[in-house]
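Coordinates as given in structure.cif (mmCIF, C-alpha atoms and all ligand atoms):
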```
data_final
loop_
_atom_site.label_atom_id
_atom_site.label_comp_id
_atom_site.auth_asym_id
_atom_site.auth_seq_id
_atom_site.Cartn_x
_atom_site.Cartn_y
_atom_site.Cartn_z
CA MET A 1 -47.67 60.15 180.01
CA ASN A 2 -46.26 60.18 183.53
CA ASN A 3 -47.77 58.54 186.61
CA LEU A 4 -48.91 55.60 184.51
CA PRO A 5 -50.35 52.61 186.34
CA GLU A 6 -47.89 49.75 186.20
CA HIS A 7 -50.60 47.11 186.33
CA ILE A 8 -54.13 47.51 184.95
CA ALA A 9 -56.80 44.87 185.55
CA ILE A 10 -59.98 44.85 183.48
CA ILE A 11 -63.35 43.21 184.10
CA MET A 12 -64.49 42.88 180.50
CA ASP A 13 -68.26 42.97 180.93
CA GLY A 14 -71.22 43.57 178.63
CA ASN A 15 -70.74 41.23 175.67
CA GLY A 16 -74.20 39.70 176.02
CA ARG A 17 -75.95 43.07 176.23
CA TRP A 18 -73.97 44.29 173.22
CA ALA A 19 -75.16 41.31 171.15
CA LYS A 20 -78.77 41.91 172.22
CA GLN A 21 -78.59 45.63 171.44
CA HIS A 22 -77.27 44.86 167.98
CA GLY A 23 -80.10 42.42 167.27
CA PHE A 24 -78.09 39.21 167.31
CA LEU A 25 -80.04 36.13 168.30
CA THR A 26 -77.31 34.73 170.55
CA ARG A 27 -74.81 36.25 172.93
CA ILE A 28 -71.93 34.58 171.07
CA LYS A 29 -71.49 37.44 168.58
CA GLY A 30 -70.82 39.72 171.56
CA HIS A 31 -68.06 37.41 172.78
CA GLU A 32 -66.51 37.32 169.30
CA ARG A 33 -66.52 41.11 169.14
CA GLY A 34 -65.18 41.17 172.67
CA VAL A 35 -61.99 39.51 171.45
CA LEU A 36 -61.41 42.40 169.03
CA ALA A 37 -61.84 44.85 171.90
CA LEU A 38 -59.30 42.87 173.91
CA LYS A 39 -56.86 43.08 171.03
CA ALA A 40 -57.31 46.87 170.92
CA ALA A 41 -56.93 47.13 174.70
CA ALA A 42 -53.80 44.96 174.81
CA THR A 43 -52.01 46.62 171.92
CA GLY A 44 -53.12 50.03 173.22
CA ALA A 45 -51.83 49.30 176.71
CA ALA A 46 -48.52 48.04 175.30
CA GLU A 47 -48.15 51.21 173.21
CA LEU A 48 -48.80 53.38 176.27
CA GLY A 49 -46.10 51.55 178.23
CA ILE A 50 -48.26 49.60 180.68
CA LYS A 51 -46.19 46.70 182.03
CA TYR A 52 -48.98 44.35 183.18
CA LEU A 53 -52.50 43.95 181.83
CA THR A 54 -54.74 41.36 183.49
CA VAL A 55 -58.16 40.65 182.04
CA TYR A 56 -61.06 38.73 183.51
CA ALA A 57 -62.11 36.49 180.63
CA PHE A 58 -64.02 33.66 182.36
CA SER A 59 -64.92 33.37 186.03
CA SER A 60 -65.32 30.24 188.13
CA GLU A 61 -68.98 31.22 188.35
CA ASN A 62 -69.32 31.50 184.54
CA TRP A 63 -69.33 27.67 184.36
CA SER A 64 -72.99 27.99 185.45
CA ARG A 65 -73.97 29.61 182.15
CA PRO A 66 -75.85 27.59 179.49
CA GLN A 67 -73.61 24.83 178.14
CA ALA A 68 -73.81 26.19 174.58
CA GLU A 69 -72.43 29.57 175.69
CA VAL A 70 -69.64 27.95 177.73
CA ASN A 71 -68.68 25.78 174.73
CA ALA A 72 -68.68 28.80 172.42
CA LEU A 73 -66.48 30.77 174.83
CA MET A 74 -63.94 27.93 174.98
CA ARG A 75 -63.96 27.61 171.18
CA ILE A 76 -63.44 31.38 170.78
CA LEU A 77 -60.63 31.26 173.32
CA VAL A 78 -58.68 28.52 171.50
CA LYS A 79 -59.18 30.16 168.10
CA SER A 80 -58.17 33.62 169.35
CA ILE A 81 -54.97 32.66 171.14
CA LYS A 82 -53.88 30.68 168.10
CA ARG A 83 -54.65 33.60 165.77
CA GLU A 84 -53.07 36.30 167.95
CA LEU A 85 -49.68 34.63 168.50
CA LYS A 86 -48.26 36.65 165.61
CA THR A 87 -49.40 39.97 167.15
CA LEU A 88 -48.10 38.97 170.59
CA MET A 89 -44.68 38.32 169.03
CA GLU A 90 -44.72 41.57 167.02
CA LYS A 91 -45.69 43.62 170.08
CA ASN A 92 -43.27 41.73 172.35
CA ILE A 93 -46.10 40.73 174.75
CA ARG A 94 -45.85 37.69 177.01
CA LEU A 95 -49.05 35.69 177.50
CA ASN A 96 -49.80 34.42 180.98
CA ALA A 97 -52.86 32.80 182.57
CA ILE A 98 -54.27 32.56 186.10
CA GLY A 99 -57.17 30.52 187.44
CA ASN A 100 -58.11 26.91 187.77
CA LEU A 101 -56.62 26.09 184.39
CA SER A 102 -56.91 22.32 184.81
CA THR A 103 -60.71 22.67 184.55
CA LEU A 104 -60.44 24.06 180.99
CA PRO A 105 -60.96 21.71 178.03
CA LYS A 106 -57.76 19.89 177.03
CA ASP A 107 -57.37 21.70 173.66
CA CYS A 108 -57.68 25.02 175.47
CA GLN A 109 -54.99 24.08 177.99
CA ASP A 110 -52.69 22.87 175.21
CA GLU A 111 -53.12 25.98 173.06
CA LEU A 112 -52.59 28.25 176.07
CA GLN A 113 -49.44 26.39 177.06
CA GLU A 114 -48.11 26.56 173.53
CA VAL A 115 -48.60 30.31 173.23
CA MET A 116 -47.30 30.94 176.77
CA ASN A 117 -44.15 28.98 175.89
CA ALA A 118 -43.74 30.74 172.54
CA THR A 119 -44.04 34.19 174.14
CA ALA A 120 -42.10 33.40 177.34
CA GLY A 121 -39.13 35.53 176.26
CA ASN A 122 -41.21 38.64 175.41
CA ASP A 123 -40.68 41.44 177.88
CA HIS A 124 -42.51 44.60 176.82
CA MET A 125 -45.79 43.74 178.61
CA VAL A 126 -47.36 40.75 180.37
CA LEU A 127 -50.93 40.00 179.31
CA THR A 128 -52.60 37.73 181.85
CA LEU A 129 -55.89 36.00 181.07
CA ALA A 130 -57.96 35.12 184.14
CA LEU A 131 -59.67 31.90 183.09
CA SER A 132 -61.87 29.76 185.29
CA TYR A 133 -60.70 32.26 187.87
CA GLY A 134 -62.29 33.02 191.23
CA SER A 135 -60.52 35.05 193.86
CA ARG A 136 -62.01 33.25 196.86
CA GLN A 137 -61.06 29.92 195.31
CA GLU A 138 -57.53 31.25 194.73
CA ILE A 139 -57.23 32.46 198.34
CA THR A 140 -58.60 29.15 199.65
CA GLN A 141 -56.00 27.19 197.66
CA ALA A 142 -53.25 29.52 198.87
CA MET A 143 -54.29 28.92 202.51
CA GLN A 144 -54.27 25.17 201.93
CA SER A 145 -50.77 25.28 200.47
CA LEU A 146 -49.45 27.42 203.36
CA ALA A 147 -51.14 25.11 205.90
CA LEU A 148 -49.49 22.13 204.23
CA GLN A 149 -46.07 23.78 204.49
CA VAL A 150 -46.71 24.41 208.20
CA ALA A 151 -47.84 20.79 208.71
CA ASN A 152 -44.64 19.60 206.98
CA GLY A 153 -42.50 21.79 209.22
CA GLU A 154 -41.30 23.92 206.26
CA LEU A 155 -42.97 27.11 207.51
CA LYS A 156 -43.63 28.57 210.94
CA PRO A 157 -47.13 30.00 211.56
CA GLU A 158 -45.57 33.35 212.55
CA ASP A 159 -43.87 33.49 209.14
CA ILE A 160 -47.25 33.70 207.41
CA ASP A 161 -47.16 37.39 206.59
CA GLN A 162 -48.65 39.45 203.76
CA ALA A 163 -45.75 38.64 201.45
CA ALA A 164 -46.17 34.90 202.10
CA ILE A 165 -49.87 35.11 201.26
CA SER A 166 -49.23 37.19 198.11
CA GLY A 167 -46.57 34.67 197.14
CA ALA A 168 -48.99 31.75 197.42
CA LEU A 169 -51.48 33.32 194.99
CA HIS A 170 -51.51 32.80 191.20
CA THR A 171 -50.36 36.40 190.83
CA ALA A 172 -47.16 35.85 192.86
CA GLU A 173 -44.97 37.04 189.99
CA MET A 174 -46.67 40.40 189.43
CA PRO A 175 -47.21 43.64 191.32
CA ASP A 176 -50.73 44.35 192.59
CA PRO A 177 -53.00 46.19 190.13
CA ASP A 178 -53.00 49.98 190.51
CA LEU A 179 -56.14 50.41 188.46
CA VAL A 180 -59.20 48.22 187.94
CA ILE A 181 -61.54 49.05 185.07
CA ARG A 182 -65.00 47.49 184.74
CA THR A 183 -67.07 48.10 181.64
CA SER A 184 -70.85 47.78 181.10
CA GLY A 185 -71.90 50.08 183.94
CA GLU A 186 -72.03 47.36 186.61
CA GLN A 187 -70.27 48.46 189.78
CA ARG A 188 -69.06 45.28 191.43
CA ILE A 189 -65.92 43.15 191.60
CA SER A 190 -67.48 39.71 190.94
CA ASN A 191 -64.80 37.67 192.74
CA PHE A 192 -61.83 39.21 190.88
CA LEU A 193 -58.43 39.67 192.60
CA LEU A 194 -59.92 40.49 196.03
CA TRP A 195 -56.61 40.36 197.91
CA GLN A 196 -54.59 42.07 195.18
CA ILE A 197 -56.82 45.14 194.69
CA SER A 198 -56.98 46.31 198.29
CA TYR A 199 -55.63 49.75 197.31
CA ALA A 200 -56.35 49.81 193.58
CA GLU A 201 -58.27 52.71 192.06
CA LEU A 202 -61.60 51.56 190.61
CA VAL A 203 -62.99 53.02 187.40
CA PHE A 204 -66.42 52.01 186.14
CA LEU A 205 -67.16 52.88 182.52
CA ASN A 206 -70.55 53.04 180.85
CA VAL A 207 -69.38 51.26 177.71
CA LEU A 208 -70.14 47.68 176.75
CA TRP A 209 -66.95 45.67 176.39
CA PRO A 210 -67.14 45.09 172.57
CA ASP A 211 -67.23 48.89 172.13
CA PHE A 212 -64.14 49.43 174.30
CA SER A 213 -61.27 51.17 172.50
CA LYS A 214 -57.88 52.66 173.25
CA GLU A 215 -59.67 55.99 173.91
CA HIS A 216 -61.60 54.40 176.78
CA LEU A 217 -58.37 53.03 178.16
CA GLU A 218 -56.85 56.51 178.03
CA GLN A 219 -59.97 57.95 179.72
CA ALA A 220 -59.66 55.45 182.56
CA ILE A 221 -55.95 56.18 182.94
CA ALA A 222 -56.72 59.92 183.04
CA GLN A 223 -59.22 59.29 185.87
CA PHE A 224 -56.54 57.29 187.67
CA GLN A 225 -54.04 60.12 187.24
CA GLY A 226 -56.54 62.59 188.70
CA ARG A 227 -56.97 60.60 191.91
CA GLU A 228 -55.03 61.23 195.08
CA ARG A 229 -53.73 57.89 196.34
CA ARG A 230 -53.31 58.52 200.04
CA ILE A 231 -52.91 54.91 201.32
CA GLY A 232 -54.06 55.97 204.76
CA LYS A 233 -52.11 59.24 204.95
CA THR A 234 -53.55 62.75 204.93
CA SER A 235 -53.51 64.89 201.85
CA GLU A 236 -51.05 67.29 203.53
CA GLN A 237 -48.55 64.51 204.14
CA LEU A 238 -48.37 63.83 200.41
CA LYS A 239 -47.44 67.42 199.56
C1 LIG B 301 -68.55 39.42 179.74
O1 LIG B 301 -69.75 39.72 179.13
C2 LIG B 301 -67.93 38.16 179.21
C3 LIG B 301 -67.95 37.02 180.14
C4 LIG B 301 -68.41 37.06 181.36
C5 LIG B 301 -67.43 35.76 179.65
P1 LIG B 301 -71.11 39.05 179.59
O2 LIG B 301 -71.29 37.78 178.82
O3 LIG B 301 -71.18 38.93 181.04
O4 LIG B 301 -72.17 40.10 179.07
P2 LIG B 301 -73.44 40.68 179.85
O5 LIG B 301 -72.95 41.15 181.19
O6 LIG B 301 -74.41 39.56 179.99
O7 LIG B 301 -73.94 41.79 178.99
C1 LIG B 302 -67.55 38.95 185.47
O1 LIG B 302 -68.63 39.17 184.64
C2 LIG B 302 -66.67 37.89 184.86
C3 LIG B 302 -66.03 38.27 183.62
C4 LIG B 302 -66.03 39.45 183.07
C5 LIG B 302 -65.31 37.20 182.96
P1 LIG B 302 -70.06 38.51 184.92
O2 LIG B 302 -70.99 39.05 183.90
O3 LIG B 302 -69.94 37.04 184.99
O4 LIG B 302 -70.38 39.06 186.37
P2 LIG B 302 -71.75 39.21 187.17
O5 LIG B 302 -72.38 37.87 187.19
O6 LIG B 302 -72.59 40.20 186.44
O7 LIG B 302 -71.33 39.70 188.52
MG MG B 303 -71.77 40.18 182.53
#
```
Show me this structure written as structure tokens.
Ligand code: IPE
Ligand code: IPE
Ligand code: MG
Amino acid sequence: MNNLPEHIAIIMDGNGRWAKQHGFLTRIKGHERGVLALKAAATGAAELGIKYLTVYAFSSENWSRPQAEVNALMRILVKSIKRELKTLMEKNIRLNAIGNLSTLPKDCQDELQEVMNATAGNDHMVLTLALSYGSRQEITQAMQSLALQVANGELKPEDIDQAAISGALHTAEMPDPDLVIRTSGEQRISNFLLWQISYAELVFLNVLWPDFSKEHLEQAIAQFQGRERRIGKTSEQLK
């Protein structure tokens, strides 16, 4: 495939509805199945040659969910990263995380750090988990850190340009996403990567996240490839 997006970001939505549709009494089963879909998406993306895959796994706002669901999500997270280390090594995928990681339970932070360290040398694809992530919170923290540098005389106000702002975000080390996919039929961004997706192509799929497969990923990439990315220019200028 040519004209592949270099960086795909996914809002993995619809686990709760999936569990309800399948007659499960709690939403947890949907989250467990969601992990399998993530495995398919990550290995599929790596096979296609995508360099960066960033997935929205838990938002800052998701802390407001019932405590039992939050606890289950954290338990599933720890268990899954532990279990998938072997696959990450086999597929040469580096695990990365963005968000307010210090708000995660200690065992979660430790397990994440362990798997990030173990996979640090892998270079086929970077899989980034957005955890306790909120884009406005991220931008606010970036502004605070730039303001501090100005106050300390390390940075001049006129040197605050787009690159400086990008560099102060959690995503400093990666290119901006070219393609954002949201599953479940909802058409909103929900505080995900607001600065970084200013020119990303958006694809909304009518599939609940646990049902997402490599075929859906390919469908979304095909939609991306069919779009004309003008970035302000006219169609004629691109010819
Ligand atoms: C996405 O699925 C997973 C998380 C937000 C953690 P949801 O849990 O939001 O599922 P729906 O949207 O209620 O179906
Ligand atoms: C967005 O999904 C966050 C994640 C997928 C982790 P939500 O289900 O929390 O989003 P809203 O509340 O419907 O916007
Ligand atoms: Mg949802």
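If all atoms listed in the file are the atoms counted, then among A:Leu112, A:Ala222, A:Thr103, A:Val55 the closest residue to Lys79 (chain A) is A:Leu112.
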>> Give me, as number ranges by chain, all polymer residues having an atom no more than 12 Å from region 62-69 of chain A, counting all atoms listed in the file and skipping those fewer than 3 positions away in the same chain.
In response: A: 15-16, 26-32, 56-59, 72-76, 100, 103-104, 130-134, 190-191
Find the smallest box with edges along x, y and z containing every listed atom of ligand LIG 301 (chain B), then add 3 Å on each side and report centre and edge lengths in Å to one decimal, as lines of an AutoDock Vina configuration file.
```
center_x = -70.9
center_y = 38.8
center_z = 180.1
size_x = 13.0
size_y = 12.0
size_z = 8.5
```
> So which residues touch Lys214 (chain A) within 9 Å, counting only C-alpha atoms, skipping near sequence neighbours fewer than 6 positions away, as a VMD selection string?
Replying inline: chain A and resid 37 40 to 45
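Closest to Gly99 (chain A) among A:Met116, A:Leu127, A:Ala164, A:Leu169 is A:Leu169, based on only C-alpha atoms.
What separates CA of Val126 (chain A) from CA of Ala97 (chain A) is a distance of 9.9 Å.
Each of A:Lys156, A:Arg17, A:Lys39, A:Lys51 was checked against ligand MG 303 (chain B) using all atoms listed in the file; the smallest atom-to-atom distance is that of A:Arg17.
Considering the residues A:Met89, A:Leu238, A:Val70, A:Ala151 and counting all atoms listed in the file, ligand LIG 302 (chain B) has its shortest atom-to-atom contact with A:Val70.
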>> For a test of reading the model, state the distance in Å between atom O2 of ligand LIG 302 (chain B) and CA of Pro210 (chain A), rounded to one decimal.
In response: 13.4 Å
> Residues at most 10 Å from Ile165 (chain A), counting all atoms listed in the file, excluding those fewer than 5 positions away in the same chain, as a VMD selection string?
Replying inline: chain A and resid 139 142 to 143 145 to 146 160 172 195
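CA of Phe204 (chain A) lies 25.2 Å from CA of Gly23 (chain A).
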> Which neighbours of Leu217 (chain A) fall inside 12 Å, counting only C-alpha atoms, when residues of the same chain fewer than 4 positions from it are skipped, and could you give them as an MDAnalysis selection string?
Replying inline: chainID A and resid 4:5 8:10 37:38 40:48 50 53 179:183 203:205 207 209 211:213 221:224
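Of the listed residues A:Glu215, A:Asp178, A:Glu61, A:Glu6, the one whose atoms come nearest to ligand LIG 302 (chain B) is A:Glu61, with distances taken using all atoms listed in the file.
Among the candidates A:Leu208, A:Leu202, A:Ala220, A:Ile231, the one nearest to ligand MG 303 (chain B) when counting all atoms listed in the file is A:Leu208.
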